[in-house]
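Just final-v2.txt here, compact mmCIF, C-alpha atoms and all ligand atoms:
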```
# COMPACT_ATOMS: atom_id res chain seq x y z
CA MET T 1 0.00 0.00 0.00
CA ALA T 2 1.24 3.43 -0.90
CA VAL T 3 1.89 5.98 1.83
CA SER T 4 -0.90 8.58 1.92
CA LYS T 5 -0.81 12.27 2.70
CA LYS T 6 -2.71 11.49 5.88
CA ASP T 7 -0.02 8.95 6.87
CA ILE T 8 2.65 11.61 6.47
CA GLU T 9 0.64 14.04 8.58
CA THR T 10 0.36 11.40 11.30
CA LEU T 11 4.08 10.65 11.17
CA THR T 12 4.85 14.36 11.30
CA GLU T 13 2.74 14.89 14.41
CA THR T 14 4.19 11.81 16.12
CA SER T 15 7.70 13.04 15.28
CA PHE T 16 7.18 16.39 16.96
CA GLU T 17 5.45 14.74 19.94
CA ILE T 18 8.44 12.46 20.49
CA LEU T 19 10.89 15.33 20.14
CA LYS T 20 8.86 17.16 22.77
CA LYS T 21 8.52 14.22 25.16
CA ASN T 22 12.24 13.50 24.93
CA ARG T 23 13.17 17.12 25.65
CA ARG T 24 15.06 17.75 28.90
CA THR T 25 16.53 20.80 30.60
CA THR T 26 19.51 20.55 32.94
CA ASP T 27 21.29 23.54 34.46
CA GLY T 28 19.64 25.79 31.92
CA HIS T 29 20.72 23.59 28.98
CA ALA T 30 17.89 22.22 26.83
CA TYR T 31 18.51 19.12 24.74
CA THR T 32 16.69 16.06 23.42
CA VAL T 33 17.48 12.49 24.47
CA PRO T 34 17.32 9.99 21.58
CA SER T 35 15.30 7.54 23.68
CA PRO T 36 14.29 8.05 27.33
CA GLU T 37 15.17 4.57 28.57
CA THR T 38 17.95 3.42 26.30
CA TYR T 39 19.72 6.70 25.52
CA PRO T 40 19.04 9.19 28.33
CA TYR T 41 21.82 11.68 27.43
CA GLN T 42 22.70 14.09 24.63
CA TRP T 43 24.47 12.67 21.56
CA LEU T 44 26.29 14.63 18.89
CA TRP T 45 24.88 13.54 15.56
CA ASP T 46 21.50 12.81 17.11
CA SER T 47 21.32 16.46 18.20
CA CYS T 48 22.11 17.53 14.65
CA PHE T 49 19.19 15.41 13.39
CA HIS T 50 16.97 16.88 16.10
CA ALA T 51 17.97 20.45 15.24
CA ILE T 52 17.31 19.90 11.53
CA VAL T 53 13.79 18.64 12.23
CA LEU T 54 13.04 21.04 15.10
CA SER T 55 14.09 24.01 12.96
CA LEU T 56 11.12 23.33 10.69
CA ARG T 57 8.65 24.10 13.47
CA ASP T 58 10.56 25.67 16.35
CA PRO T 59 13.91 27.25 15.38
CA GLU T 60 14.46 28.47 18.97
CA ALA T 61 14.34 24.89 20.30
CA ALA T 62 16.77 23.86 17.55
CA LYS T 63 19.17 26.63 18.58
CA GLU T 64 19.02 25.61 22.23
CA GLU T 65 19.77 22.02 21.26
CA LEU T 66 22.92 23.05 19.39
CA ARG T 67 24.03 25.52 22.07
CA SER T 68 23.85 22.72 24.66
CA LEU T 69 25.78 20.45 22.33
CA VAL T 70 28.73 22.80 21.90
CA SER T 71 28.75 23.87 25.56
CA ARG T 72 31.06 20.98 26.47
CA GLN T 73 33.56 21.41 23.65
CA PHE T 74 37.11 20.46 24.66
CA GLY T 75 40.03 22.90 24.56
CA SER T 76 41.37 20.88 21.61
CA GLY T 77 38.22 21.67 19.64
CA LEU T 78 36.74 18.17 19.93
CA ILE T 79 33.01 18.04 20.54
CA PRO T 80 32.27 14.92 22.58
CA HIS T 81 29.73 12.46 21.26
CA ILE T 82 27.92 12.06 24.58
CA ILE T 83 27.10 14.65 27.24
CA TYR T 84 25.92 12.93 30.41
CA TRP T 85 23.74 15.79 31.63
CA VAL T 86 22.15 13.64 34.32
CA LYS T 87 24.12 10.50 35.07
CA THR T 88 22.23 7.20 35.29
CA ASP T 89 23.62 3.67 35.26
CA ARG T 90 23.19 3.47 31.46
CA ILE T 91 26.39 3.45 29.39
CA ASN T 92 28.84 3.49 32.23
CA ILE T 93 32.13 3.92 30.43
CA ASP T 94 35.16 5.58 31.92
CA TRP T 95 36.19 8.09 29.26
CA GLY T 96 38.82 9.67 31.46
CA VAL T 97 36.92 12.96 31.79
CA GLU T 98 33.95 14.20 33.80
CA GLY T 99 30.48 14.38 32.33
CA THR T 100 31.19 13.62 28.67
CA SER T 101 32.81 11.06 26.41
CA SER T 102 36.25 11.72 24.91
CA ILE T 103 35.47 10.77 21.34
CA THR T 104 33.41 12.45 18.63
CA GLN T 105 30.82 11.44 16.01
CA PRO T 106 30.06 12.22 12.34
CA PRO T 107 30.48 16.01 11.95
CA LEU T 108 27.08 17.07 10.66
CA LEU T 109 27.09 20.13 12.91
CA ALA T 110 27.82 22.93 10.41
CA TYR T 111 25.02 21.65 8.20
CA ALA T 112 22.62 21.56 11.18
CA VAL T 113 23.55 25.16 12.05
CA TRP T 114 22.99 26.21 8.45
CA ARG T 115 19.58 24.51 8.34
CA VAL T 116 18.50 26.45 11.44
CA TYR T 117 19.80 29.69 9.89
CA GLU T 118 17.83 28.98 6.72
CA GLN T 119 14.62 29.11 8.74
CA ASP T 120 14.95 32.51 10.33
CA ALA T 121 18.15 34.17 9.05
CA ASP T 122 19.30 34.82 12.62
CA LYS T 123 22.85 36.06 12.07
CA ALA T 124 23.46 36.48 15.78
CA PHE T 125 23.01 32.72 16.14
CA LEU T 126 25.56 32.07 13.39
CA GLU T 127 27.95 34.48 15.09
CA GLU T 128 27.44 32.69 18.38
CA MET T 129 28.07 29.22 16.93
CA TYR T 130 30.95 30.21 14.70
CA PRO T 131 33.87 29.88 17.16
CA SER T 132 32.76 26.37 18.12
CA LEU T 133 32.41 25.36 14.50
CA TYR T 134 35.74 26.90 13.59
CA HIS T 135 37.61 25.02 16.32
CA TYR T 136 35.75 21.76 15.84
CA TYR T 137 36.37 21.49 12.10
CA ASN T 138 39.97 22.58 12.51
CA PHE T 139 40.41 19.86 15.12
CA LEU T 140 39.12 17.29 12.60
CA LEU T 141 41.38 18.69 9.88
CA SER T 142 44.52 18.83 12.02
CA ASP T 143 44.50 16.60 15.12
CA ARG T 144 42.69 13.92 13.15
CA ASP T 145 45.02 14.30 10.18
CA PRO T 146 48.46 14.52 11.79
CA ARG T 147 50.31 13.57 8.61
CA HIS T 148 48.44 16.05 6.38
CA ASN T 149 46.85 13.55 4.06
CA ASN T 150 43.56 15.48 3.97
CA LEU T 151 41.37 12.78 5.46
CA SER T 152 40.06 12.81 8.99
CA GLY T 153 40.64 9.65 11.02
CA ILE T 154 38.43 7.99 13.61
CA ILE T 155 39.88 6.25 16.66
CA ASN T 156 36.94 4.11 17.73
CA PRO T 157 34.04 2.41 15.86
CA ASP T 158 31.62 4.54 17.91
CA GLU T 159 32.97 7.67 16.22
CA SER T 160 31.40 6.41 13.00
CA GLY T 161 27.99 6.40 14.69
CA GLU T 162 27.67 2.72 13.72
CA ASP T 163 29.05 1.11 16.85
CA ASN T 164 28.98 -2.58 15.83
CA SER T 165 29.37 -2.23 12.08
CA PRO T 166 31.19 -5.17 10.45
CA ARG T 167 33.45 -2.59 8.75
CA PHE T 168 35.40 -2.65 12.01
CA ASP T 169 35.31 -6.37 12.90
CA THR T 170 38.85 -7.25 11.86
CA LEU T 171 40.24 -4.16 13.53
CA ILE T 172 38.71 -5.02 16.86
CA GLY T 173 39.68 -8.68 16.43
CA LEU T 174 36.28 -10.31 15.95
CA PRO T 175 34.91 -12.75 13.35
CA PRO T 176 31.75 -12.00 11.30
CA ALA T 177 29.66 -14.10 13.71
CA GLN T 178 29.84 -12.45 17.11
CA THR T 179 27.66 -11.32 19.99
CA LYS T 180 26.81 -7.77 20.97
CA GLU T 181 28.55 -8.40 24.30
CA GLU T 182 31.80 -9.50 22.66
CA ASN T 183 31.74 -6.43 20.46
CA LEU T 184 31.13 -4.09 23.40
CA LYS T 185 33.90 -5.73 25.40
CA ASN T 186 36.43 -5.10 22.64
CA ARG T 187 35.29 -1.53 22.10
CA ILE T 188 35.64 -0.86 25.82
CA GLU T 189 39.11 -2.34 25.66
CA LEU T 190 39.88 0.17 22.92
CA VAL T 191 38.60 3.02 25.06
CA LYS T 192 40.91 1.89 27.87
CA ARG T 193 43.87 1.92 25.52
CA ASN T 194 42.94 5.30 24.10
CA LYS T 195 42.59 6.61 27.61
CA SER T 196 46.12 5.56 28.42
CA CYS T 197 47.37 7.87 25.69
CA ASN T 198 44.87 10.62 26.37
CA PHE T 199 42.79 9.98 23.23
CA ASP T 200 45.50 11.60 21.20
CA ALA T 201 45.03 10.41 17.63
CA ALA T 202 48.60 11.04 16.56
CA PHE T 203 49.85 8.62 19.18
CA CYS T 204 46.92 6.24 19.46
CA MET T 205 46.48 5.75 15.77
CA LYS T 206 49.55 3.68 15.07
CA LYS T 207 48.83 1.21 17.76
CA PHE T 208 45.11 0.65 18.09
CA PHE T 209 42.51 1.84 15.65
CA TRP T 210 42.83 4.37 12.85
CA VAL T 211 40.19 4.40 10.15
CA LYS T 212 39.52 6.84 7.34
CA ASP T 213 35.83 6.16 7.21
CA VAL T 214 33.76 6.91 4.11
CA PRO T 215 30.59 8.27 5.78
CA PHE T 216 32.56 10.32 8.32
CA ASN T 217 34.68 12.04 5.66
CA THR T 218 31.68 12.47 3.37
CA ILE T 219 29.77 14.22 6.14
CA LEU T 220 32.87 16.30 6.86
CA ILE T 221 33.04 17.43 3.21
CA HIS T 222 29.34 18.22 3.16
CA SER T 223 29.57 20.31 6.34
CA LEU T 224 32.77 22.09 5.25
CA GLY T 225 30.80 23.47 2.32
CA PHE T 226 28.17 24.82 4.70
CA LEU T 227 30.83 26.15 7.03
CA ALA T 228 32.25 28.10 4.08
CA ASN T 229 28.74 29.51 3.51
CA ILE T 230 28.44 30.42 7.17
CA ALA T 231 31.80 32.23 7.14
CA GLU T 232 30.69 34.06 3.98
CA GLU T 233 27.44 35.18 5.65
CA LEU T 234 29.52 36.54 8.52
CA ASP T 235 31.80 38.43 6.12
CA ARG T 236 34.78 36.29 7.04
CA LYS T 237 35.99 36.01 3.48
CA ASP T 238 39.34 34.41 4.26
CA ASP T 239 37.75 31.73 6.41
CA SER T 240 35.18 31.07 3.76
CA LEU T 241 37.89 30.53 1.16
CA TYR T 242 39.86 28.41 3.60
CA PHE T 243 36.97 26.06 4.43
CA GLY T 244 35.96 25.89 0.76
CA GLU T 245 39.52 24.87 -0.05
CA GLN T 246 39.53 22.24 2.71
CA LYS T 247 36.34 20.82 1.29
CA LEU T 248 38.04 20.31 -2.07
CA ARG T 249 41.13 18.81 -0.46
CA VAL T 250 39.18 16.21 1.51
CA THR T 251 37.13 15.42 -1.60
CA ASP T 252 40.30 14.88 -3.66
CA ALA T 253 41.82 12.76 -0.91
CA MET T 254 38.71 10.57 -0.73
CA ARG T 255 38.95 10.07 -4.47
CA ASP T 256 42.70 9.40 -4.35
CA ARG T 257 42.78 7.05 -1.42
CA LEU T 258 39.37 5.49 -0.89
CA LEU T 259 38.14 4.92 -4.44
CA ASP T 260 38.68 1.57 -6.15
CA GLY T 261 37.27 1.49 -9.67
CA GLU T 262 33.81 2.96 -9.18
CA VAL T 263 33.42 2.20 -5.50
CA PHE T 264 34.49 3.96 -2.30
CA TRP T 265 35.74 1.86 0.64
CA SER T 266 36.84 2.96 4.10
CA ALA T 267 40.53 2.37 4.74
CA GLU T 268 42.65 1.64 7.76
CA GLY T 269 46.16 2.29 8.96
CA LYS T 270 48.88 4.37 7.44
CA ASN T 271 48.93 2.32 4.25
CA TYR T 272 45.25 2.94 3.60
CA GLU T 273 44.25 -0.70 3.38
CA LYS T 274 40.74 -0.81 2.01
CA ILE T 275 38.14 -2.46 4.18
CA LYS T 276 36.05 -4.28 1.60
CA VAL T 277 32.98 -5.01 3.67
CA LYS T 278 29.77 -4.06 1.91
CA THR T 279 27.72 -1.77 4.13
CA TRP T 280 25.40 1.15 3.36
CA ALA T 281 28.61 3.25 3.38
CA LEU T 282 28.93 2.32 -0.31
CA PHE T 283 26.16 4.87 -0.97
CA ALA T 284 27.30 7.52 1.50
CA PRO T 285 29.56 9.48 -0.95
CA LEU T 286 26.47 10.59 -2.86
CA PHE T 287 25.47 12.76 0.10
CA ALA T 288 28.31 15.19 -0.63
CA ASN T 289 28.56 14.64 -4.39
CA VAL T 290 31.91 12.94 -3.94
CA ALA T 291 31.04 10.23 -6.49
CA THR T 292 30.65 11.11 -10.15
CA GLN T 293 27.37 10.33 -11.93
CA GLU T 294 29.01 7.24 -13.49
CA GLU T 295 30.36 5.98 -10.17
CA ALA T 296 27.02 6.58 -8.47
CA SER T 297 25.13 4.77 -11.26
CA TYR T 298 27.48 1.83 -11.06
CA THR T 299 27.21 1.57 -7.28
CA VAL T 300 23.44 1.95 -7.20
CA ARG T 301 22.93 -0.58 -10.00
CA THR T 302 25.41 -3.12 -8.68
CA TYR T 303 24.52 -2.96 -5.01
CA LEU T 304 21.36 -1.04 -4.16
CA GLU T 305 19.21 -2.49 -6.93
CA ASN T 306 20.54 -6.00 -6.48
CA GLU T 307 18.39 -8.53 -4.64
CA HIS T 308 21.43 -10.42 -3.45
CA GLU T 309 22.96 -7.32 -1.91
CA PHE T 310 20.92 -4.37 -0.56
CA LYS T 311 17.52 -4.79 -2.20
CA THR T 312 15.48 -6.18 0.68
CA SER T 313 11.73 -5.88 1.32
CA TYR T 314 12.40 -2.74 3.36
CA LEU T 315 15.25 -0.45 2.31
CA ILE T 316 18.16 0.07 3.06
CA PRO T 317 19.77 -2.68 5.09
CA THR T 318 22.93 -1.35 6.72
CA VAL T 319 24.87 -4.45 5.61
CA SER T 320 24.61 -6.38 2.34
CA GLN T 321 22.84 -9.74 2.54
CA SER T 322 25.84 -11.26 0.79
CA GLU T 323 28.16 -10.48 3.72
CA PRO T 324 28.92 -13.30 6.17
CA SER T 325 28.24 -10.81 8.96
CA TYR T 326 24.73 -9.95 7.69
CA ASP T 327 22.17 -10.39 10.45
CA PRO T 328 18.70 -8.87 9.88
CA GLU T 329 18.38 -8.22 13.61
CA GLY T 330 22.02 -7.53 14.49
CA TYR T 331 23.01 -4.16 15.87
CA TRP T 332 24.39 -2.16 12.88
CA ARG T 333 24.83 -5.52 11.14
CA GLY T 334 21.89 -5.54 8.73
CA PRO T 335 18.79 -3.68 9.97
CA VAL T 336 17.51 -0.40 8.56
CA TRP T 337 18.17 2.86 10.47
CA ILE T 338 16.16 5.94 9.48
CA ALA T 339 19.20 8.26 9.66
CA THR T 340 21.22 6.21 7.16
CA ASN T 341 18.14 6.18 4.93
CA TRP T 342 17.92 9.96 5.25
CA LEU T 343 21.59 10.35 4.23
CA VAL T 344 21.24 8.07 1.21
CA TYR T 345 17.88 9.55 0.20
CA ASN T 346 19.41 13.02 0.14
CA GLY T 347 22.42 11.69 -1.75
CA LEU T 348 20.37 9.95 -4.43
CA ARG T 349 18.48 13.16 -5.12
CA LYS T 350 21.69 14.91 -6.12
CA TYR T 351 22.12 12.69 -9.20
CA ARG T 352 20.22 11.93 -12.38
CA GLY T 353 18.07 8.87 -12.83
CA PHE T 354 17.60 7.78 -9.23
CA GLU T 355 14.15 9.29 -8.65
CA HIS T 356 12.51 5.89 -8.30
CA ILE T 357 15.00 4.42 -5.93
CA ALA T 358 15.07 7.60 -3.81
CA GLU T 359 11.29 7.43 -3.57
CA ALA T 360 11.50 3.75 -2.60
CA VAL T 361 13.92 4.60 0.23
CA ARG T 362 11.67 7.37 1.51
CA GLU T 363 8.57 5.21 1.24
CA SER T 364 10.25 2.29 3.02
CA SER T 365 11.19 4.64 5.85
CA ALA T 366 7.59 5.83 6.21
CA LYS T 367 6.21 2.29 6.01
CA LEU T 368 8.56 1.03 8.71
CA LEU T 369 7.52 3.80 11.08
CA LEU T 370 3.82 3.25 10.32
CA LYS T 371 4.12 -0.50 10.77
CA SER T 372 6.41 -0.72 13.78
CA GLY T 373 6.46 2.70 15.42
CA PHE T 374 9.42 4.95 16.23
CA ARG T 375 11.88 2.19 17.01
CA GLU T 376 15.65 2.43 16.83
CA TYR T 377 16.09 0.03 13.90
CA PHE T 378 14.09 -2.37 11.78
CA ASN T 379 14.39 -5.86 10.32
CA PRO T 380 14.85 -5.25 6.54
CA GLU T 381 13.05 -8.46 5.65
CA THR T 382 9.98 -8.29 7.90
CA GLY T 383 9.85 -4.64 8.92
CA ALA T 384 9.74 -5.62 12.62
CA GLY T 385 10.84 -2.87 15.02
CA LEU T 386 13.94 -3.45 17.15
CA GLY T 387 15.99 -1.77 19.86
CA ALA T 388 15.07 1.44 21.67
CA THR T 389 11.51 2.78 21.73
CA GLN T 390 10.32 6.39 21.37
CA PHE T 391 13.47 6.86 19.31
CA THR T 392 13.93 10.30 17.76
CA TRP T 393 15.64 9.40 14.48
CA GLY T 394 12.26 8.50 12.96
CA SER T 395 11.53 12.23 12.99
CA LEU T 396 13.87 12.63 10.01
CA ILE T 397 10.89 11.43 8.00
CA VAL T 398 9.55 14.98 8.38
CA ASP T 399 12.60 16.30 6.58
CA MET T 400 12.35 13.66 3.85
CA TYR T 401 8.76 14.70 3.10
CA ARG T 402 9.37 18.42 3.58
CA GLY T 403 7.55 20.32 0.85
CA ALA T 404 6.05 17.12 -0.58
C1 LIG T 501 24.07 4.30 19.42
C2 LIG T 501 24.30 4.57 17.93
C3 LIG T 501 24.77 5.99 17.72
C4 LIG T 501 23.80 6.97 18.37
C5 LIG T 501 23.52 6.60 19.83
C6 LIG T 501 22.38 7.40 20.42
O1 LIG T 501 25.27 4.37 20.11
O2 LIG T 501 25.18 3.66 17.37
O3 LIG T 501 24.89 6.29 16.36
O4 LIG T 501 24.28 8.25 18.29
O5 LIG T 501 23.16 5.24 19.93
O6 LIG T 501 21.24 7.33 19.63
```

Translate the structure described by the file into structure tokens.
Ligand code: GLC
Amino acid sequence: MAVSKKDIETLTETSFEILKKNRRTTDGHAYTVPSPETYPYQWLWDSCFHAIVLSLRDPEAAKEELRSLVSRQFGSGLIPHIIYWVKTDRINIDWGVEGTSSITQPPLLAYAVWRVYEQDADKAFLEEMYPSLYHYYNFLLSDRDPRHNNLSGIINPDESGEDNSPRFDTLIGLPPAQTKEENLKNRIELVKRNKSCNFDAAFCMKKFFWVKDVPFNTILIHSLGFLANIAEELDRKDDSLYFGEQKLRVTDAMRDRLLDGEVFWSAEGKNYEKIKVKTWALFAPLFANVATQEEASYTVRTYLENEHEFKTSYLIPTVSQSEPSYDPEGYWRGPVWIATNWLVYNGLRKYRGFEHIAEAVRESSAKLLLKSGFREYFNPETGAGLGATQFTWGSLIVDMYRGA
């Protein structure tokens, strides 16, 4: 059954209700928890998703969300991926600092700021956010690229936002078949090691975990373009040129080092060994126009429209069915997440000839939410809802149908 206008209205209202119910204020900082029981804190890329959706109805709430997010920025420029505003016994990891984690997450922030600005042209807000953006992106371009290769490295799978993705199995020493507990144990081990060298990428990277991830760098490129726009709006011409230039450099480096034939793969270590595990990351480069039309067509045809790979009943599984690690209910190991759908949907729309598949991704997202509610992730074969409940990422459906 097709998704009706009424269905979209219902999903829109539910989205804003959940964003409201999950809203918290601590010490004057307002933020939205992704799920009250499972994720009772503030997360970096989640807050960017929240701000993008909130901006469509309540730009002030979106601004508060982003202000809270940057309020715990480190002196180095890093923005931590979790802020534990009110500590509970959930996610008890010793990150070596008080009140936050010591790692980051996909850098969608400049884009989120721009989307809020688009709604009400509040230059004072841009001005207020600019120093945080400036230091954060420079941190990613320098501390996370100590050898000046123009790609930003991640030091833990969680920095990708896809904690248990099979892209990282070999690096954390696990086989394709594994339990969630084993995976967590090894990631915690990694945190301990990182802690011993103060989470310093330049020193940690050689020894433990150093990945030039495709979605992370794609999102970086995308946001650098918006950061250049922001600098331009603020009459900071030199900064605007600088960030525009950085955007091109990272794009070139992705093409030089992560592209094999028509397909982009994440790479690890100083020799840029490609990690040839087929995940949704194959489609991520479209989000920032990093792939050419030919490369995008090849990748979509070969993988997304292929029933043995990513063409499941509900789109888009996070891992190809042809991978030994594929598990339709495994955490980041097969199910559909609405945020990855949102990224790919927006990517597909930047190219020619993908109208149908983009619509199928959007429609699948709506159908999953209608069928199973605002769950954290969904079985791509049955559409069953899995993981956290009252999960905010479903609200990205509002953005996908914006103006429809
Ligand atoms: C999980 C996800 C991560 C997300 C967080 C809060 O850790 O893997 O991407 O930010 O939950 O929703």

Residues of chain T at most 7 Å from ligand LIG 501 (chain T): nearest atom pair and distance in Å, all atoms listed in the file, as JSON lines:
```
{"residue": "T:Pro34", "atom": "CA", "partner": "T:LIG501", "partner_atom": "O6", "distance": 5.1}
{"residue": "T:Tyr39", "atom": "CA", "partner": "T:LIG501", "partner_atom": "C6", "distance": 5.8}
{"residue": "T:Trp43", "atom": "CA", "partner": "T:LIG501", "partner_atom": "O4", "distance": 5.5}
{"residue": "T:Leu44", "atom": "CA", "partner": "T:LIG501", "partner_atom": "O4", "distance": 6.7}
{"residue": "T:Trp45", "atom": "CA", "partner": "T:LIG501", "partner_atom": "O4", "distance": 6.0}
{"residue": "T:Asp46", "atom": "CA", "partner": "T:LIG501", "partner_atom": "O4", "distance": 5.5}
{"residue": "T:Asp158", "atom": "CA", "partner": "T:LIG501", "partner_atom": "O2", "distance": 6.5}
{"residue": "T:Gly161", "atom": "CA", "partner": "T:LIG501", "partner_atom": "O3", "distance": 3.5}
{"residue": "T:Glu162", "atom": "CA", "partner": "T:LIG501", "partner_atom": "O2", "distance": 4.5}
{"residue": "T:Asp163", "atom": "CA", "partner": "T:LIG501", "partner_atom": "O2", "distance": 4.7}
```

* What does the distance from CA of Leu11 (chain T) to CA of Ser47 (chain T) come to in Å, to one decimal? ->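 Computing the Euclidean distance for CA of Leu11 (chain T) and CA of Ser47 (chain T) yields 19.5 Å.
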
* Excluding same-chain residues fewer than 2 positions from region 349-360 of chain T, what lies within 10 Å of it counting all atoms listed in the file, as a ChimeraX atom specification? -> /T:286-289,291-294,296-297,300-301,304-305,314-316,341-342,344-347,362-366,400

Those same residues, written as a short mmCIF file (atom, residue, chain, number, x, y, z; two decimals), in the frame of the given file with C-alpha atoms?
```cif
data_model
loop_
_atom_site.label_atom_id
_atom_site.label_comp_id
_atom_site.auth_asym_id
_atom_site.auth_seq_id
_atom_site.Cartn_x
_atom_site.Cartn_y
_atom_site.Cartn_z
CA LEU T 286 26.47 10.59 -2.86
CA PHE T 287 25.47 12.76 0.10
CA ALA T 288 28.31 15.19 -0.63
CA ASN T 289 28.56 14.64 -4.39
CA ALA T 291 31.04 10.23 -6.49
CA THR T 292 30.65 11.11 -10.15
CA GLN T 293 27.37 10.33 -11.93
CA GLU T 294 29.01 7.24 -13.49
CA ALA T 296 27.02 6.58 -8.47
CA SER T 297 25.13 4.77 -11.26
CA VAL T 300 23.44 1.95 -7.20
CA ARG T 301 22.93 -0.58 -10.00
CA LEU T 304 21.36 -1.04 -4.16
CA GLU T 305 19.21 -2.49 -6.93
CA TYR T 314 12.40 -2.74 3.36
CA LEU T 315 15.25 -0.45 2.31
CA ILE T 316 18.16 0.07 3.06
CA ASN T 341 18.14 6.18 4.93
CA TRP T 342 17.92 9.96 5.25
CA VAL T 344 21.24 8.07 1.21
CA TYR T 345 17.88 9.55 0.20
CA ASN T 346 19.41 13.02 0.14
CA GLY T 347 22.42 11.69 -1.75
CA ARG T 362 11.67 7.37 1.51
CA GLU T 363 8.57 5.21 1.24
CA SER T 364 10.25 2.29 3.02
CA SER T 365 11.19 4.64 5.85
CA ALA T 366 7.59 5.83 6.21
CA MET T 400 12.35 13.66 3.85
#
```

Leaving out Pro176 (chain T) and any residue of its chain fewer than 3 positions from it, which residues lie within 7 Å of it when counting all atoms listed in the file, given as a compact mmCIF listing (two decimals) with C-alpha atoms, in the frame of the given file?
```
# COMPACT_ATOMS: atom_id res chain seq x y z
CA PRO T 166 31.19 -5.17 10.45
CA ASP T 169 35.31 -6.37 12.90
CA PRO T 324 28.92 -13.30 6.17
CA SER T 325 28.24 -10.81 8.96
```

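Atom to atom, CA of Ile79 (chain T) and CA of Ser132 (chain T) stand 8.7 Å apart.
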
* Could you please give me, as a PyMOL selection string, the residues of protein, DNA or RNA lying at most 10 Å from (48.3, 9.6, 11.0) in the coordinate frame of the file, considering all atoms listed in the file? => chain T and resi 143-149+151-153+201-206+210-212+269-271

* Using all atoms listed in the file, find the one residue out of T:Phe49, T:Pro285, T:Asn306, T:Gln119 that sits nearest to Ala339 (chain T). => T:Phe49

Please tabulate, as a tab-separated table, the residues of region 288-350 of chain T that come within 10 Å of region 381-393 of chain T, each with its closest pair of atoms and the distance in Å to one decimal, counting all atoms listed in the file and ordering rows by chain, then residue number upward.
```
residue	atom	partner	partner_atom	distance
T:Lys311	CA	T:Glu381	CA	9.8
T:Thr312	CA	T:Glu381	CA	6.0
T:Ser313	CA	T:Glu381	CA	5.2
T:Tyr314	CA	T:Glu381	CA	6.2
T:Leu315	CA	T:Glu381	CA	9.0
T:Pro317	CA	T:Glu381	CA	8.9
T:Pro328	CA	T:Glu381	CA	7.1
T:Glu329	CA	T:Leu386	CA	7.4
T:Gly330	CA	T:Leu386	CA	9.4
T:Tyr331	CA	T:Gly387	CA	8.4
T:Gly334	CA	T:Glu381	CA	9.8
T:Pro335	CA	T:Glu381	CA	8.6
T:Val336	CA	T:Gly383	CA	8.8
T:Trp337	CA	T:Trp393	CA	8.1
T:Ile338	CA	T:Trp393	CA	6.1
T:Ala339	CA	T:Trp393	CA	6.1
T:Thr340	CA	T:Trp393	CA	9.7
T:Trp342	CA	T:Trp393	CA	9.5
```

* Quick one: pull the distance between CA of Met129 (chain T) and CA of Gly75 (chain T), Å, one decimal. =>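 CA of Gly75 (chain T) lies 15.5 Å from CA of Met129 (chain T).
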
* Who sits within 6 Å of region 58-72 of chain T, all atoms listed in the file, same chain under 6 positions skipped, as an MDAnalysis selection string -> chainID T and resid 29:31 51

Enclose all atoms of region 373-378 of chain T listed in the file in an axis-aligned box, grow every side by 5 Å, and hand back centre and edge lengths in Å to one decimal, as JSON.
```
{"center_x": 11.3, "center_y": 1.3, "center_z": 14.4, "size_x": 19.6, "size_y": 17.3, "size_z": 15.2}
```

* To do: Please provide as a ChimeraX atom specification all residues within 8 Å of region 255-261 of chain T, with the sequence filter that same-chain residues fewer than 5 positions apart are discarded (counting only C-alpha atoms).
  => /T:214,266-267,272,274,290
